[in-house]
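Report on the following structure.
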Amino acid sequence: MLKKALKLGLSLSLVTTALLADIEKKKLKIGFIALTDCAPIVIAKEKGFFEKYGLDVHVAKEGGGWPGIQQKVISGEYDFSHALAGMPIAATLGINGNAHLQALLSLDFNGNGITYGNNIIKEMEKYGMDQTKRPLGSESLKKYIDAKHQAEGANYQPLNFGMVHPVSTHNYELRYWMASSGIKPDEDTTIKPFPPPTMPSNLIAGNIEGYCVGEPWNERIVLKKKGSTLVTNYDIWNNNPEKVLQARADFVEKYPETTKAVMKAVIEAQMWLDESWEHRKEAAKILSKPNYVKAPVKVLEKSMTGTFQYLKGQDSEPNPMFNVFANYYAAYPFYSHGMWFITQMYRWGQLDKAVDMKEVIEKVYRPDLFAEAAKEVNYSLPPSPWKIDGVDEYNKFMDGKVYDPNKAVEYIYSFDVTNPTVSKEELMKANTWTVTTKQPDYVCPYGPAGCADPKYVQ
């Protein structure tokens, strides 16, 4: 019996060795920023998913913010990285670095908040703000800004706010929220980039009135009672894309089996994260370590375990979808999601040339590679990489807007507050294509975490 078992073990070992022999590069370095949504990468390391696929991965915390991450991916110091969903698009377009980068998978949905300090909150309350309203609009901020304009006249001093990077979801979400009430972000305010972990200290020091950032840097301020989170990005756009796993396109081409192995490990980590709230609690403990996010477990648990504390001195509120890692196809890199970021680059004047948006996003986002990796780890796929946003029960914009990729150009110019430097006519000429969109169902096949399905949330 022992001889038979040893023979079986040797056979399995030989099969495993043969499978792993296809991996071209086993020793890898993956960069991340100290945010809770680095969890899929950290969990893939800590729970042995990278090792399972024959990879020796060094997970490196980047201290230079998102510009540091981007520079090191472009230079090749990082083989892969945690990245803002807009970063590989912008780099490929030459407006944030200049390199062909690709988004291999989506790391998560949601996860951000807009947090304001106590001083500006007091001013907004004078103009009727009710902090308990969900979703909370920016109308009271607009009234305060209008009064400030009237009082200061030609000497008006714009309000200062923080976000993490010019092509970040945070920049676009902060602008979207402000502009929904008629605020002109580039005239009424100054929006500056800061590394995420420095946001609380900059607010406390009075350098900014508020900011948009990922966790745990909103709850840090709330628990210190220095301010409150007025709105989350789930409130602004239900189940919006947030971070991606990125790599250089030439790396992906040169090391296809390595890339697939990394993707499989990360997807398995995402499924593990949504399998149970107990897993989320374990993840919070892991992330709290100094080499990862370095934040108290109680702060990390505020958002990672199905709740979110919006207001200082008050109880947390149920918010099961604040972080979604695997459910509702959160790991899938939708082309339509990527194209939304291009629309925002045009809306806010970051892109000054007309490009074929479909052609660009199909060079950057890789649902084709994702499908191959997903099949091998039993992760289900949506019916199409193209979908319409703003129409489903768990996919709405706070202002009721609908984003159809087939009408992407019209969408850019449909807002009352928009600041493109390219004409609608030029963009229409460059974008004559059509795509077939199909709506995915709201599904939670991986567990209750990150899921608002009534069968899980009572």
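Residues are referred to by chain and number: the chain letter is A, B, ... according to the order shown in the structure tokens, the number counts from 1 in that chain, and ligands are numbered separately from 1 in the order shown.
Proximity to stretch 292-306 of chain A at 8 Å, evaluated using only C-alpha atoms and with sequence-adjacent residues fewer than 6 positions away removed, yields A:Ile33, A:Ala34, A:Leu35, A:Thr36, A:Val42, A:Lys61, A:Glu215, A:Pro216, A:Glu219, A:Arg220, A:Leu223, A:Trp277, A:Arg280, A:Lys281, A:Ala284, A:Lys285, A:Ile286, A:Ser316, A:Pro318, A:Asn319, A:Pro320, A:Met321, A:Phe322, A:Asn323, A:Ala449, A:Gly450.
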Store the residues picked out above, limited to N, CA, C and O atoms, as an mmCIF file, in the first residue's frame.
```
data_model
loop_
_atom_site.group_PDB
_atom_site.id
_atom_site.type_symbol
_atom_site.label_atom_id
_atom_site.label_comp_id
_atom_site.auth_asym_id
_atom_site.auth_seq_id
_atom_site.Cartn_x
_atom_site.Cartn_y
_atom_site.Cartn_z
ATOM 1 N N ILE A 33 -0.145 49.544 -3.739
ATOM 2 C CA ILE A 33 -0.290 50.711 -2.868
ATOM 3 C C ILE A 33 -1.050 50.274 -1.621
ATOM 4 O O ILE A 33 -1.914 49.398 -1.677
ATOM 5 N N ALA A 34 -0.755 50.906 -0.490
ATOM 6 C CA ALA A 34 -1.369 50.540 0.788
ATOM 7 C C ALA A 34 -2.846 50.949 0.836
ATOM 8 O O ALA A 34 -3.218 51.987 1.387
ATOM 9 N N LEU A 35 -3.676 50.112 0.253
ATOM 10 C CA LEU A 35 -5.125 50.288 0.213
ATOM 11 C C LEU A 35 -5.776 48.928 0.399
ATOM 12 O O LEU A 35 -5.196 47.904 0.022
ATOM 13 N N THR A 36 -6.991 48.895 0.908
ATOM 14 C CA THR A 36 -7.627 47.599 1.131
ATOM 15 C C THR A 36 -7.865 46.848 -0.176
ATOM 16 O O THR A 36 -7.927 45.616 -0.176
ATOM 17 N N VAL A 42 -2.416 40.566 -2.201
ATOM 18 C CA VAL A 42 -1.863 40.148 -0.904
ATOM 19 C C VAL A 42 -2.361 38.759 -0.517
ATOM 20 O O VAL A 42 -1.582 37.910 -0.048
ATOM 21 N N LYS A 61 5.380 46.853 -1.427
ATOM 22 C CA LYS A 61 4.596 48.061 -1.140
ATOM 23 C C LYS A 61 5.308 49.274 -1.720
ATOM 24 O O LYS A 61 6.458 49.543 -1.388
ATOM 25 N N GLU A 215 -10.132 52.980 0.779
ATOM 26 C CA GLU A 215 -9.967 52.618 2.189
ATOM 27 C C GLU A 215 -8.557 52.096 2.478
ATOM 28 O O GLU A 215 -7.894 51.578 1.577
ATOM 29 N N PRO A 216 -8.067 52.286 3.715
ATOM 30 C CA PRO A 216 -8.806 52.708 4.921
ATOM 31 C C PRO A 216 -8.704 54.192 5.222
ATOM 32 O O PRO A 216 -8.922 54.610 6.359
ATOM 33 N N GLU A 219 -12.038 56.011 6.592
ATOM 34 C CA GLU A 219 -12.407 55.640 7.962
ATOM 35 C C GLU A 219 -11.385 56.146 8.982
ATOM 36 O O GLU A 219 -11.728 56.357 10.149
ATOM 37 N N ARG A 220 -10.175 56.357 8.560
ATOM 38 C CA ARG A 220 -9.168 56.916 9.462
ATOM 39 C C ARG A 220 -9.622 58.267 10.005
ATOM 40 O O ARG A 220 -9.527 58.553 11.206
ATOM 41 N N LEU A 223 -12.957 57.902 12.215
ATOM 42 C CA LEU A 223 -12.712 57.385 13.565
ATOM 43 C C LEU A 223 -11.906 58.364 14.413
ATOM 44 O O LEU A 223 -11.986 58.334 15.648
ATOM 45 N N TRP A 277 -17.758 36.267 5.105
ATOM 46 C CA TRP A 277 -17.345 37.436 5.886
ATOM 47 C C TRP A 277 -16.209 37.065 6.835
ATOM 48 O O TRP A 277 -15.404 37.917 7.211
ATOM 49 N N ARG A 280 -13.170 37.736 5.026
ATOM 50 C CA ARG A 280 -12.901 39.174 5.008
ATOM 51 C C ARG A 280 -12.232 39.616 6.325
ATOM 52 O O ARG A 280 -11.329 40.459 6.315
ATOM 53 N N LYS A 281 -12.693 39.061 7.432
ATOM 54 C CA LYS A 281 -12.081 39.405 8.727
ATOM 55 C C LYS A 281 -10.630 38.930 8.786
ATOM 56 O O LYS A 281 -9.752 39.629 9.293
ATOM 57 N N ALA A 284 -8.586 41.279 6.742
ATOM 58 C CA ALA A 284 -8.328 42.537 7.439
ATOM 59 C C ALA A 284 -7.130 42.403 8.379
ATOM 60 O O ALA A 284 -6.292 43.314 8.476
ATOM 61 N N LYS A 285 -7.021 41.270 9.038
ATOM 62 C CA LYS A 285 -5.873 41.033 9.934
ATOM 63 C C LYS A 285 -4.573 40.961 9.136
ATOM 64 O O LYS A 285 -3.546 41.495 9.554
ATOM 65 N N ILE A 286 -4.632 40.293 7.992
ATOM 66 C CA ILE A 286 -3.439 40.176 7.145
ATOM 67 C C ILE A 286 -3.025 41.555 6.623
ATOM 68 O O ILE A 286 -1.858 41.940 6.677
ATOM 69 N N SER A 316 -21.802 52.388 12.364
ATOM 70 C CA SER A 316 -21.606 51.980 10.985
ATOM 71 C C SER A 316 -22.954 51.642 10.353
ATOM 72 O O SER A 316 -23.899 51.252 11.045
ATOM 73 N N PRO A 318 -25.034 49.422 7.190
ATOM 74 C CA PRO A 318 -24.851 48.283 6.282
ATOM 75 C C PRO A 318 -24.423 48.766 4.895
ATOM 76 O O PRO A 318 -25.004 49.696 4.347
ATOM 77 N N ASN A 319 -23.403 48.161 4.347
ATOM 78 C CA ASN A 319 -22.918 48.518 3.008
ATOM 79 C C ASN A 319 -22.190 47.298 2.443
ATOM 80 O O ASN A 319 -20.975 47.307 2.271
ATOM 81 N N PRO A 320 -22.942 46.215 2.184
ATOM 82 C CA PRO A 320 -22.300 44.943 1.809
ATOM 83 C C PRO A 320 -21.520 44.995 0.505
ATOM 84 O O PRO A 320 -20.643 44.175 0.271
ATOM 85 N N MET A 321 -21.823 45.982 -0.340
ATOM 86 C CA MET A 321 -21.150 46.032 -1.636
ATOM 87 C C MET A 321 -20.076 47.111 -1.690
ATOM 88 O O MET A 321 -19.613 47.470 -2.780
ATOM 89 N N PHE A 322 -19.656 47.605 -0.529
ATOM 90 C CA PHE A 322 -18.585 48.600 -0.547
ATOM 91 C C PHE A 322 -17.339 48.018 -1.197
ATOM 92 O O PHE A 322 -16.661 48.698 -1.966
ATOM 93 N N ASN A 323 -17.024 46.772 -0.889
ATOM 94 C CA ASN A 323 -15.941 46.047 -1.571
ATOM 95 C C ASN A 323 -16.521 44.799 -2.222
ATOM 96 O O ASN A 323 -17.108 43.966 -1.531
ATOM 97 N N ALA A 449 -20.134 37.538 0.834
ATOM 98 C CA ALA A 449 -19.355 38.771 0.970
ATOM 99 C C ALA A 449 -19.406 39.578 -0.324
ATOM 100 O O ALA A 449 -19.278 39.021 -1.415
ATOM 101 N N GLY A 450 -19.617 40.881 -0.211
ATOM 102 C CA GLY A 450 -19.714 41.744 -1.377
ATOM 103 C C GLY A 450 -21.009 41.577 -2.131
ATOM 104 O O GLY A 450 -21.092 41.909 -3.310
#
```
Legend entry - Spatial neighbours of stretch 82-88 of chain A, max dist 6 Å, only C-alpha atoms, sep filter under 2 positions, as a ChimeraX atom specification: /A:32,90-91,101-102,167-168,242-245,341
Legend entry - Contacts of A:Met129 within 10 Å, only C-alpha atoms, excl. fewer than 6 positions in-chain, as a PyMOL selection string: chain A and resi 121-123+136-141+230
Output all heavy atoms of each residue in that selection to a file, as a tab-separated table (two decimals), in the first residue's frame.
```
chain	number	residue	atom	x	y	z
A	121	ILE	N	-17.82	70.89	6.47
A	121	ILE	CA	-19.11	70.25	6.75
A	121	ILE	C	-20.02	71.24	7.48
A	121	ILE	O	-21.22	71.34	7.17
A	121	ILE	CB	-18.90	68.96	7.55
A	121	ILE	CG1	-18.36	67.85	6.63
A	121	ILE	CG2	-20.21	68.50	8.21
A	121	ILE	CD1	-17.98	66.57	7.33
A	122	LYS	N	-19.48	72.00	8.42
A	122	LYS	CA	-20.29	73.01	9.14
A	122	LYS	C	-20.84	74.04	8.17
A	122	LYS	O	-22.00	74.47	8.28
A	122	LYS	CB	-19.44	73.69	10.21
A	122	LYS	CG	-19.16	72.84	11.43
A	122	LYS	CD	-18.28	73.58	12.42
A	122	LYS	CE	-17.91	72.70	13.60
A	122	LYS	NZ	-16.98	73.39	14.54
A	123	GLU	N	-20.01	74.45	7.20
A	123	GLU	CA	-20.46	75.43	6.20
A	123	GLU	C	-21.57	74.84	5.33
A	123	GLU	O	-22.57	75.50	5.02
A	123	GLU	CB	-19.30	75.89	5.33
A	123	GLU	CG	-18.20	76.64	6.06
A	123	GLU	CD	-18.70	77.94	6.67
A	123	GLU	OE1	-19.66	78.55	6.13
A	123	GLU	OE2	-18.15	78.36	7.71
A	136	LEU	N	-25.97	61.12	-0.94
A	136	LEU	CA	-25.94	62.55	-0.64
A	136	LEU	C	-25.36	63.30	-1.83
A	136	LEU	O	-24.27	62.99	-2.29
A	136	LEU	CB	-25.09	62.79	0.61
A	136	LEU	CG	-24.90	64.25	1.04
A	136	LEU	CD1	-26.23	64.88	1.42
A	136	LEU	CD2	-23.92	64.32	2.21
A	137	GLY	N	-26.08	64.29	-2.33
A	137	GLY	CA	-25.60	65.10	-3.45
A	137	GLY	C	-24.73	66.25	-2.98
A	137	GLY	O	-24.55	66.47	-1.77
A	138	SER	N	-24.25	67.03	-3.94
A	138	SER	CA	-23.33	68.13	-3.63
A	138	SER	C	-24.01	69.50	-3.68
A	138	SER	O	-23.34	70.53	-3.76
A	138	SER	CB	-22.15	68.11	-4.62
A	138	SER	OG	-22.63	68.20	-5.96
A	139	GLU	N	-25.34	69.53	-3.59
A	139	GLU	CA	-26.08	70.78	-3.71
A	139	GLU	C	-25.68	71.80	-2.64
A	139	GLU	O	-25.56	73.00	-2.92
A	139	GLU	CB	-27.59	70.53	-3.64
A	139	GLU	CG	-28.14	69.75	-4.81
A	139	GLU	CD	-27.93	68.25	-4.71
A	139	GLU	OE1	-27.49	67.77	-3.63
A	139	GLU	OE2	-28.20	67.54	-5.71
A	140	SER	N	-25.48	71.35	-1.41
A	140	SER	CA	-25.12	72.28	-0.34
A	140	SER	C	-23.72	72.86	-0.56
A	140	SER	O	-23.46	74.02	-0.23
A	140	SER	CB	-25.20	71.59	1.03
A	140	SER	OG	-24.32	70.48	1.09
A	141	LEU	N	-22.83	72.06	-1.14
A	141	LEU	CA	-21.50	72.57	-1.47
A	141	LEU	C	-21.60	73.63	-2.56
A	141	LEU	O	-20.92	74.66	-2.50
A	141	LEU	CB	-20.59	71.43	-1.92
A	141	LEU	CG	-19.16	71.82	-2.30
A	141	LEU	CD1	-18.41	72.41	-1.11
A	141	LEU	CD2	-18.39	70.61	-2.85
A	230	LEU	N	-19.04	61.67	3.17
A	230	LEU	CA	-20.36	62.12	2.73
A	230	LEU	C	-21.00	61.17	1.73
A	230	LEU	O	-22.21	61.02	1.68
A	230	LEU	CB	-20.24	63.52	2.11
A	230	LEU	CG	-19.62	64.59	3.01
A	230	LEU	CD1	-19.60	65.94	2.29
A	230	LEU	CD2	-20.38	64.70	4.33
```
Which stretch 90-138 of chain A residues have any atom within 10 Å of an atom of stretch 71-79 of chain A, and for each, what is the nearest pair of atoms with distance in Å to one decimal, counting only C-alpha atoms, rows sorted by chain and number, as a Markdown table?
```
| residue | atom | partner | partner_atom | distance |
| --- | --- | --- | --- | --- |
| A:Ala91 | CA | A:Ile74 | CA | 9.0 |
| A:Asn96 | CA | A:Gln71 | CA | 9.6 |
| A:Gly97 | CA | A:Gln71 | CA | 7.4 |
| A:Asn98 | CA | A:Ile74 | CA | 8.1 |
| A:Ala99 | CA | A:Ile74 | CA | 6.5 |
| A:His100 | CA | A:Ile74 | CA | 8.6 |
| A:Leu101 | CA | A:Ile74 | CA | 7.9 |
```
Stretch 11-136 of chain A: which residues are strand (DSSP E) by DSSP, as a PDB file with C-alpha atoms, in the first residue's frame?
```
ATOM      1  CA  LYS A  27      10.344  34.747  -9.907  1.00  0.00           C
ATOM      2  CA  LEU A  28       8.196  37.887 -10.047  1.00  0.00           C
ATOM      3  CA  LYS A  29       7.770  41.270  -8.389  1.00  0.00           C
ATOM      4  CA  ILE A  30       4.312  42.790  -8.052  1.00  0.00           C
ATOM      5  CA  GLY A  31       3.830  46.345  -6.778  1.00  0.00           C
ATOM      6  CA  PHE A  32       0.903  47.606  -4.733  1.00  0.00           C
ATOM      7  CA  ASP A  56       7.771  32.839  -6.476  1.00  0.00           C
ATOM      8  CA  VAL A  57       6.265  36.296  -5.988  1.00  0.00           C
ATOM      9  CA  HIS A  58       7.651  39.239  -4.038  1.00  0.00           C
ATOM     10  CA  VAL A  59       4.781  41.588  -3.224  1.00  0.00           C
ATOM     11  CA  ALA A  60       6.257  45.091  -2.848  1.00  0.00           C
ATOM     12  CA  LYS A  61       4.596  48.061  -1.140  1.00  0.00           C
ATOM     13  CA  PHE A  80       2.743  43.320 -12.629  1.00  0.00           C
ATOM     14  CA  SER A  81       1.022  45.858 -10.411  1.00  0.00           C
ATOM     15  CA  HIS A  82      -2.056  46.964  -8.579  1.00  0.00           C
ATOM     16  CA  ALA A  83      -3.220  49.889 -10.742  1.00  0.00           C
ATOM     17  CA  LEU A  84      -5.928  52.483 -11.127  1.00  0.00           C
ATOM     18  CA  LEU A 101       0.232  48.638 -20.854  1.00  0.00           C
ATOM     19  CA  GLN A 102      -2.614  46.192 -20.474  1.00  0.00           C
ATOM     20  CA  ALA A 103      -5.339  45.564 -17.885  1.00  0.00           C
ATOM     21  CA  LEU A 104      -5.512  41.802 -17.403  1.00  0.00           C
ATOM     22  CA  LEU A 105      -8.333  41.699 -14.901  1.00  0.00           C
ATOM     23  CA  SER A 106     -10.384  43.917 -12.634  1.00  0.00           C
ATOM     24  CA  PHE A 109     -15.694  47.138  -7.681  1.00  0.00           C
ATOM     25  CA  ASN A 110     -16.348  50.205  -5.509  1.00  0.00           C
ATOM     26  CA  ASN A 112     -13.783  54.681  -2.429  1.00  0.00           C
ATOM     27  CA  GLY A 113     -15.271  57.514  -0.400  1.00  0.00           C
ATOM     28  CA  ILE A 114     -15.459  61.299  -0.498  1.00  0.00           C
ATOM     29  CA  THR A 115     -14.510  62.558   2.939  1.00  0.00           C
ATOM     30  CA  TYR A 116     -14.727  66.164   4.101  1.00  0.00           C
ATOM     31  CA  GLY A 117     -13.302  67.838   7.186  1.00  0.00           C
TER      32      GLY A 117
END
```
Inset, instruction - Rank nothing, just name the residue among A:Gly214, A:Asp146, A:Gly64, A:Thr132 nearest to A:Cys38, using only C-alpha atoms. - result: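 Looking at the shortest contact to A:Cys38, the residue is A:Gly214.
Counting only C-alpha atoms, A:Pro200 has the following residues at most 8 Å away, ignoring those fewer than 2 positions along the same chain: Pro197, Thr198, Asn202, Leu203, Ile204, Trp217, Asn218, Arg220 and Ile221 of chain A.
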Legend entry - Proximity to A:Phe334 - best of A:Ala373, A:Ile208, A:Val391, A:Leu107, only C-alpha atoms: A:Leu107
Inset, instruction - Excluding A:Thr259 and any residue of its chain fewer than 5 positions from it, enumerate the residues within 10 Å of it, using only C-alpha atoms, and give them as an NGL selection string. - result: :A and (23-25 or 79-80 or 104 or 247 or 251-254 or 264 or 369 or 373)
Pull all heavy atoms from the residues just selected and write them as a compact mmCIF listing (two decimals), in the first residue's frame.
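Output below, filename again-v7.txt:
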```txt
# COMPACT_ATOMS: atom_id res chain seq x y z
N ILE A 23 5.73 27.47 -17.33
CA ILE A 23 5.83 28.85 -16.86
C ILE A 23 7.20 29.41 -17.20
O ILE A 23 8.22 28.89 -16.77
CB ILE A 23 5.56 28.93 -15.33
CG1 ILE A 23 4.13 28.48 -15.05
CG2 ILE A 23 5.80 30.34 -14.82
CD1 ILE A 23 3.81 28.39 -13.58
N GLU A 24 7.22 30.49 -17.98
CA GLU A 24 8.48 31.00 -18.51
C GLU A 24 9.30 31.75 -17.45
O GLU A 24 10.53 31.71 -17.48
CB GLU A 24 8.21 31.97 -19.68
CG GLU A 24 7.36 31.40 -20.80
CD GLU A 24 5.87 31.68 -20.58
OE1 GLU A 24 5.51 32.21 -19.50
OE2 GLU A 24 5.09 31.36 -21.48
N LYS A 25 8.62 32.44 -16.55
CA LYS A 25 9.31 33.24 -15.53
C LYS A 25 8.59 33.03 -14.21
O LYS A 25 7.43 33.40 -14.06
CB LYS A 25 9.32 34.72 -15.91
CG LYS A 25 10.11 35.59 -14.94
CD LYS A 25 10.15 37.06 -15.38
CE LYS A 25 10.99 37.88 -14.41
NZ LYS A 25 11.01 39.33 -14.74
N ASP A 79 6.89 43.44 -12.48
CA ASP A 79 6.36 42.64 -13.58
C ASP A 79 4.87 42.87 -13.76
O ASP A 79 4.36 42.89 -14.88
CB ASP A 79 6.63 41.16 -13.31
CG ASP A 79 8.11 40.86 -13.20
OD1 ASP A 79 8.83 41.11 -14.19
OD2 ASP A 79 8.56 40.39 -12.12
N PHE A 80 4.18 43.03 -12.65
CA PHE A 80 2.74 43.32 -12.63
C PHE A 80 2.52 44.34 -11.52
O PHE A 80 3.38 44.51 -10.64
CB PHE A 80 1.91 42.07 -12.30
CG PHE A 80 2.07 40.93 -13.28
CD1 PHE A 80 3.10 40.01 -13.12
CD2 PHE A 80 1.19 40.77 -14.33
CE1 PHE A 80 3.25 38.96 -14.00
CE2 PHE A 80 1.34 39.72 -15.22
CZ PHE A 80 2.37 38.81 -15.06
N LEU A 104 -5.26 43.23 -17.24
CA LEU A 104 -5.51 41.80 -17.40
C LEU A 104 -6.79 41.36 -16.71
O LEU A 104 -7.45 40.43 -17.17
CB LEU A 104 -4.32 41.01 -16.86
CG LEU A 104 -2.98 41.37 -17.52
CD1 LEU A 104 -1.83 40.75 -16.74
CD2 LEU A 104 -2.96 40.91 -18.97
N ALA A 247 0.14 45.07 -16.60
CA ALA A 247 1.49 44.65 -16.99
C ALA A 247 1.79 45.27 -18.34
O ALA A 247 0.89 45.73 -19.05
CB ALA A 247 1.58 43.13 -17.08
N PHE A 251 5.55 42.25 -22.05
CA PHE A 251 5.75 41.20 -21.04
C PHE A 251 4.70 40.11 -21.22
O PHE A 251 5.01 38.91 -21.18
CB PHE A 251 5.66 41.81 -19.63
CG PHE A 251 5.89 40.81 -18.53
CD1 PHE A 251 7.14 40.68 -17.94
CD2 PHE A 251 4.86 39.97 -18.08
CE1 PHE A 251 7.36 39.76 -16.92
CE2 PHE A 251 5.08 39.04 -17.08
CZ PHE A 251 6.33 38.93 -16.50
N VAL A 252 3.45 40.52 -21.40
CA VAL A 252 2.34 39.57 -21.57
C VAL A 252 2.58 38.68 -22.79
O VAL A 252 2.35 37.47 -22.76
CB VAL A 252 1.01 40.33 -21.70
CG1 VAL A 252 -0.13 39.38 -22.05
CG2 VAL A 252 0.70 41.09 -20.40
N GLU A 253 3.08 39.29 -23.85
CA GLU A 253 3.34 38.53 -25.08
C GLU A 253 4.52 37.57 -24.90
O GLU A 253 4.49 36.43 -25.37
CB GLU A 253 3.63 39.49 -26.23
CG GLU A 253 3.81 38.80 -27.57
CD GLU A 253 4.01 39.77 -28.72
OE1 GLU A 253 4.08 40.99 -28.47
OE2 GLU A 253 4.09 39.30 -29.87
N LYS A 254 5.55 38.01 -24.18
CA LYS A 254 6.74 37.20 -24.01
C LYS A 254 6.54 36.06 -23.01
O LYS A 254 7.11 34.98 -23.16
CB LYS A 254 7.90 38.08 -23.54
CG LYS A 254 9.24 37.37 -23.43
CD LYS A 254 10.35 38.34 -23.04
CE LYS A 254 11.70 37.64 -22.94
NZ LYS A 254 12.78 38.60 -22.56
N LYS A 264 -4.67 33.43 -12.71
CA LYS A 264 -5.42 32.37 -12.01
C LYS A 264 -5.28 32.50 -10.50
O LYS A 264 -6.26 32.35 -9.75
CB LYS A 264 -4.95 31.00 -12.49
CG LYS A 264 -5.37 30.67 -13.91
CD LYS A 264 -5.23 29.20 -14.25
CE LYS A 264 -3.79 28.75 -14.31
NZ LYS A 264 -3.66 27.35 -14.78
N LEU A 369 -7.85 37.10 -22.67
CA LEU A 369 -6.93 36.37 -21.79
C LEU A 369 -7.62 35.98 -20.49
O LEU A 369 -7.38 34.90 -19.94
CB LEU A 369 -5.69 37.22 -21.48
CG LEU A 369 -4.75 37.54 -22.63
CD1 LEU A 369 -3.53 38.29 -22.11
CD2 LEU A 369 -4.31 36.27 -23.36
N ALA A 373 -8.01 32.14 -18.49
CA ALA A 373 -7.62 31.88 -17.10
C ALA A 373 -8.84 31.52 -16.26
O ALA A 373 -8.79 30.60 -15.42
CB ALA A 373 -6.91 33.10 -16.52
```
Inset, instruction - For each of A:Thr418, A:Gln309, A:Gln314, A:Ser380, take the minimum atom-to-atom distance to A:Tyr176, counting only C-alpha atoms, then give the residue where this is smallest. - result: A:Thr418
Inset, instruction - Identify which of the residues A:Ile95, A:Ala330, A:Ile361, A:Val231 lies closest to A:Gln131, counting only C-alpha atoms when measuring atom-to-atom distances. - result: A:Val231
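The residues of stretch 385-449 of chain A that DSSP classifies as helix (DSSP H, G or I), using the backbone of this structure, are Pro405, Asn406, Lys407, Ala408, Val409, Glu410, Tyr411, Ile412, Lys424, Glu425, Glu426, Leu427, Met428, Lys429 and Ala430 of chain A.
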Inset, instruction - With a distance cut-off of 8 Å and only C-alpha atoms, select the neighbouring residues of stretch 434-443 of chain A, excluding the residue or stretch itself and same-chain residues fewer than 4 positions from it, and output the selection as an NGL selection string. - result: :A and (327-329 or 382-388 or 394 or 405-406)
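Straight-line separation from atom CA of A:Ala283 to atom CA of A:Pro448: 15.2 Å.
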Legend entry - Which of A:Thr307, A:Gly313, A:Ala430, A:Asp416 sits closest to A:Met178 [using only C-alpha atoms]: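 Under the stated criterion, the closest residue is A:Asp416.
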